[in-house]
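Note sheet for the following structure.
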Amino acid sequence: MTSATPASKTTRIFIWIAVILGGLAIVYAISMSTMMSRVGNAPADLDYSTTQESDNGLYRVSYKAATGTIPVNQMHEWTLHIENADGEPVEDATISVDGDMPQHGQGLPTSPRVTEYLGNGDYRVEGLKFQMGGWWLMDFTITANGQTDAVHFNMLLK
């Protein structure tokens with residue numbers, strides 16, 4: 001019976017470590033590929049308008065990124081414009097902000113919020129950052145004059 005030399009034991013350990021790490025790298029690559037292929041396949045019937053009516057029709061809301069187009073992986077801000085159903089600017093609303101990638105299961109990496117009422121139904125939203133391209137859904141819950149409603153914006157970022 002031959003006994004293994006310390007060098008051969010060390011070699012076998014390194015080989016096993018390399019096999020395990022290689023297997024993990026393959027699993028990671030496959031899962032990332034699957035995840036990224038799902039991100040590119042947003043439903044075909046999504047409305048990407050920058051103006052939307054709220055769920056219950058209380059508000060008509062639009063947004064505009066300060067940078068013109070929405071950047072990926074950069075902090076930026078929006079101006080959110082809110083009107084009531086009669087087209088009058090909504091003053092002094094309380095607005096919560098949320099967003100995520102519906103197919104990716106990933107939320108925003110920041111906590112955007114409304115920081116200032118600018119007048120004439122315009123609100124500054126700061127702290128926005130989208131860390132990757134793909135389908136994003138932004139949600140705003142608006143409370144004004146004792147009425148609450150939500151509005152949603154689909155975006156397909158490149």
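Residues are referred to by chain and number: the chain letter is A, B, ... according to the order shown in the structure tokens, the number counts from 1 in that chain, and ligands are numbered separately from 1 in the order shown.
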
| Residues near Ser54 of chain A, cut-off 9 Å, only C-alpha atoms, skip fewer than 5 positions along chain, as a ChimeraX atom specification | /A:59-61,141-142,149-152

Write out, as a short mmCIF file (atom, residue, chain, number, x, y, z; two decimals), in the first residue's frame, the residues just selected, with C-alpha atoms.
```cif
data_model
loop_
_atom_site.label_atom_id
_atom_site.label_comp_id
_atom_site.auth_asym_id
_atom_site.auth_seq_id
_atom_site.Cartn_x
_atom_site.Cartn_y
_atom_site.Cartn_z
CA TYR A 59 -55.43 62.77 -10.54
CA ARG A 60 -53.67 63.23 -13.85
CA VAL A 61 -49.93 62.95 -13.24
CA THR A 141 -49.33 57.41 -3.89
CA ILE A 142 -50.87 60.86 -3.68
CA ASP A 149 -55.02 57.59 -5.15
CA ALA A 150 -52.05 55.93 -6.82
CA VAL A 151 -50.46 56.30 -10.23
CA HIS A 152 -47.99 54.00 -11.99
#
```

Which residues are near Met138 of chain A? Cut-off 7 Å, only C-alpha atoms, ignore same chain within fewer than 5 positions. Put them as an mmCIF file with all heavy atoms, in the first residue's frame.
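And here's out-v1.cif as it stands now:
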```cif
data_model
loop_
_atom_site.group_PDB
_atom_site.id
_atom_site.type_symbol
_atom_site.label_atom_id
_atom_site.label_comp_id
_atom_site.auth_asym_id
_atom_site.auth_seq_id
_atom_site.Cartn_x
_atom_site.Cartn_y
_atom_site.Cartn_z
ATOM 1 N N ASP A 98 -42.264 54.860 -4.774
ATOM 2 C CA ASP A 98 -41.727 53.505 -4.736
ATOM 3 C C ASP A 98 -41.478 53.066 -6.175
ATOM 4 O O ASP A 98 -42.047 53.630 -7.112
ATOM 5 C CB ASP A 98 -42.697 52.545 -4.054
ATOM 6 C CG ASP A 98 -42.039 51.230 -3.653
ATOM 7 O OD1 ASP A 98 -40.792 51.142 -3.664
ATOM 8 O OD2 ASP A 98 -42.774 50.279 -3.340
ATOM 9 N N GLY A 99 -40.645 52.067 -6.347
ATOM 10 C CA GLY A 99 -40.380 51.559 -7.685
ATOM 11 C C GLY A 99 -39.652 50.230 -7.628
ATOM 12 O O GLY A 99 -39.017 49.901 -6.629
ATOM 13 N N ASP A 100 -39.775 49.465 -8.718
ATOM 14 C CA ASP A 100 -39.080 48.191 -8.788
ATOM 15 C C ASP A 100 -39.021 47.694 -10.226
ATOM 16 O O ASP A 100 -39.589 48.299 -11.125
ATOM 17 C CB ASP A 100 -39.734 47.148 -7.885
ATOM 18 C CG ASP A 100 -41.089 46.691 -8.402
ATOM 19 O OD1 ASP A 100 -41.781 47.480 -9.066
ATOM 20 O OD2 ASP A 100 -41.460 45.538 -8.144
ATOM 21 N N HIS A 152 -49.102 54.902 -11.664
ATOM 22 C CA HIS A 152 -47.987 54.005 -11.990
ATOM 23 C C HIS A 152 -47.422 54.375 -13.356
ATOM 24 O O HIS A 152 -48.179 54.624 -14.306
ATOM 25 C CB HIS A 152 -48.463 52.553 -12.001
ATOM 26 C CG HIS A 152 -49.375 52.243 -10.851
ATOM 27 N ND1 HIS A 152 -48.912 51.958 -9.594
ATOM 28 C CD2 HIS A 152 -50.736 52.210 -10.772
ATOM 29 C CE1 HIS A 152 -49.934 51.761 -8.784
ATOM 30 N NE2 HIS A 152 -51.059 51.911 -9.478
ATOM 31 N N PHE A 153 -46.094 54.350 -13.453
ATOM 32 C CA PHE A 153 -45.412 54.632 -14.718
ATOM 33 C C PHE A 153 -44.494 53.475 -15.080
ATOM 34 O O PHE A 153 -43.646 53.074 -14.293
ATOM 35 C CB PHE A 153 -44.561 55.909 -14.602
ATOM 36 C CG PHE A 153 -45.365 57.154 -14.409
ATOM 37 C CD1 PHE A 153 -45.550 57.689 -13.149
ATOM 38 C CD2 PHE A 153 -45.937 57.796 -15.505
ATOM 39 C CE1 PHE A 153 -46.285 58.842 -12.969
ATOM 40 C CE2 PHE A 153 -46.688 58.955 -15.329
ATOM 41 C CZ PHE A 153 -46.858 59.479 -14.054
ATOM 42 N N ASN A 154 -44.698 52.929 -16.280
ATOM 43 C CA ASN A 154 -43.794 51.918 -16.828
ATOM 44 C C ASN A 154 -42.682 52.616 -17.589
ATOM 45 O O ASN A 154 -42.935 53.591 -18.306
ATOM 46 C CB ASN A 154 -44.544 51.001 -17.813
ATOM 47 C CG ASN A 154 -45.516 50.102 -17.117
ATOM 48 O OD1 ASN A 154 -45.128 49.240 -16.338
ATOM 49 N ND2 ASN A 154 -46.798 50.299 -17.388
#
```

| request: Report the distance between atom CA of Thr79 of chain A and atom CA of Gly105 of chain A in Å, rounded to one decimal place. | output: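 Atom CA of Gly105 of chain A lies 26.2 Å from atom CA of Thr79 of chain A.
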
| request: Mind listing the strand (DSSP E) residues of segment 34-77 of chain A, per DSSP on the backbone, as a list in words? | output: Thr51, Gln52, Glu53, Tyr59, Arg60, Val61, Ser62, Tyr63, Lys64, Ala65, His76 and Glu77 of chain A

What would the file look like if the residues just selected were written as a PDB file, in the first residue's frame with N, CA and C atoms?
```
ATOM      1  N   THR A  51     -47.352  60.602 -18.932  1.00  0.00           N
ATOM      2  CA  THR A  51     -48.555  61.145 -18.295  1.00  0.00           C
ATOM      3  C   THR A  51     -49.544  60.004 -18.105  1.00  0.00           C
ATOM      4  N   GLN A  52     -50.051  59.871 -16.884  1.00  0.00           N
ATOM      5  CA  GLN A  52     -50.991  58.787 -16.568  1.00  0.00           C
ATOM      6  C   GLN A  52     -52.106  59.318 -15.672  1.00  0.00           C
ATOM      7  N   GLU A  53     -53.244  58.671 -15.771  1.00  0.00           N
ATOM      8  CA  GLU A  53     -54.346  58.935 -14.855  1.00  0.00           C
ATOM      9  C   GLU A  53     -54.171  58.000 -13.661  1.00  0.00           C
ATOM     10  N   TYR A  59     -56.543  61.913 -10.137  1.00  0.00           N
ATOM     11  CA  TYR A  59     -55.432  62.767 -10.541  1.00  0.00           C
ATOM     12  C   TYR A  59     -54.926  62.398 -11.935  1.00  0.00           C
ATOM     13  N   ARG A  60     -54.409  63.417 -12.597  1.00  0.00           N
ATOM     14  CA  ARG A  60     -53.667  63.231 -13.850  1.00  0.00           C
ATOM     15  C   ARG A  60     -52.242  63.660 -13.520  1.00  0.00           C
ATOM     16  N   VAL A  61     -51.298  62.739 -13.717  1.00  0.00           N
ATOM     17  CA  VAL A  61     -49.929  62.947 -13.242  1.00  0.00           C
ATOM     18  C   VAL A  61     -48.957  62.764 -14.400  1.00  0.00           C
ATOM     19  N   SER A  62     -47.947  63.611 -14.437  1.00  0.00           N
ATOM     20  CA  SER A  62     -46.880  63.466 -15.430  1.00  0.00           C
ATOM     21  C   SER A  62     -45.539  63.669 -14.737  1.00  0.00           C
ATOM     22  N   TYR A  63     -44.490  63.151 -15.360  1.00  0.00           N
ATOM     23  CA  TYR A  63     -43.154  63.349 -14.813  1.00  0.00           C
ATOM     24  C   TYR A  63     -42.207  63.771 -15.922  1.00  0.00           C
ATOM     25  N   LYS A  64     -41.155  64.441 -15.504  1.00  0.00           N
ATOM     26  CA  LYS A  64     -40.095  64.839 -16.429  1.00  0.00           C
ATOM     27  C   LYS A  64     -38.781  64.741 -15.673  1.00  0.00           C
ATOM     28  N   ALA A  65     -37.824  63.997 -16.238  1.00  0.00           N
ATOM     29  CA  ALA A  65     -36.505  63.885 -15.625  1.00  0.00           C
ATOM     30  C   ALA A  65     -35.732  65.175 -15.872  1.00  0.00           C
ATOM     31  N   HIS A  76     -30.439  61.238 -10.051  1.00  0.00           N
ATOM     32  CA  HIS A  76     -31.084  62.325 -10.769  1.00  0.00           C
ATOM     33  C   HIS A  76     -32.401  62.667 -10.076  1.00  0.00           C
ATOM     34  N   GLU A  77     -33.070  63.680 -10.593  1.00  0.00           N
ATOM     35  CA  GLU A  77     -34.352  64.086 -10.005  1.00  0.00           C
ATOM     36  C   GLU A  77     -35.386  64.270 -11.100  1.00  0.00           C
TER      37      GLU A  77
END
```

| Taking only C-alpha atoms into account, which of A:Asp86, A:Asp92, A:Asp47, A:Glu126 comes nearest Val114 of chain A? |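 Among the listed residues, the smallest separation from Val114 of chain A belongs to A:Glu126.
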
| query | So what do you get for atom CA of Leu80 of chain A versus atom CA of Asp122 of chain A, distance-wise? | reply |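 Those two atoms sit 5.5 Å apart.
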
| For Thr50 of chain A, which residue among A:Ala25, A:Gly146, A:Trp78, A:Val19 is the nearest when counting only C-alpha atoms? |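 Under the stated criterion, the closest residue is A:Trp78.
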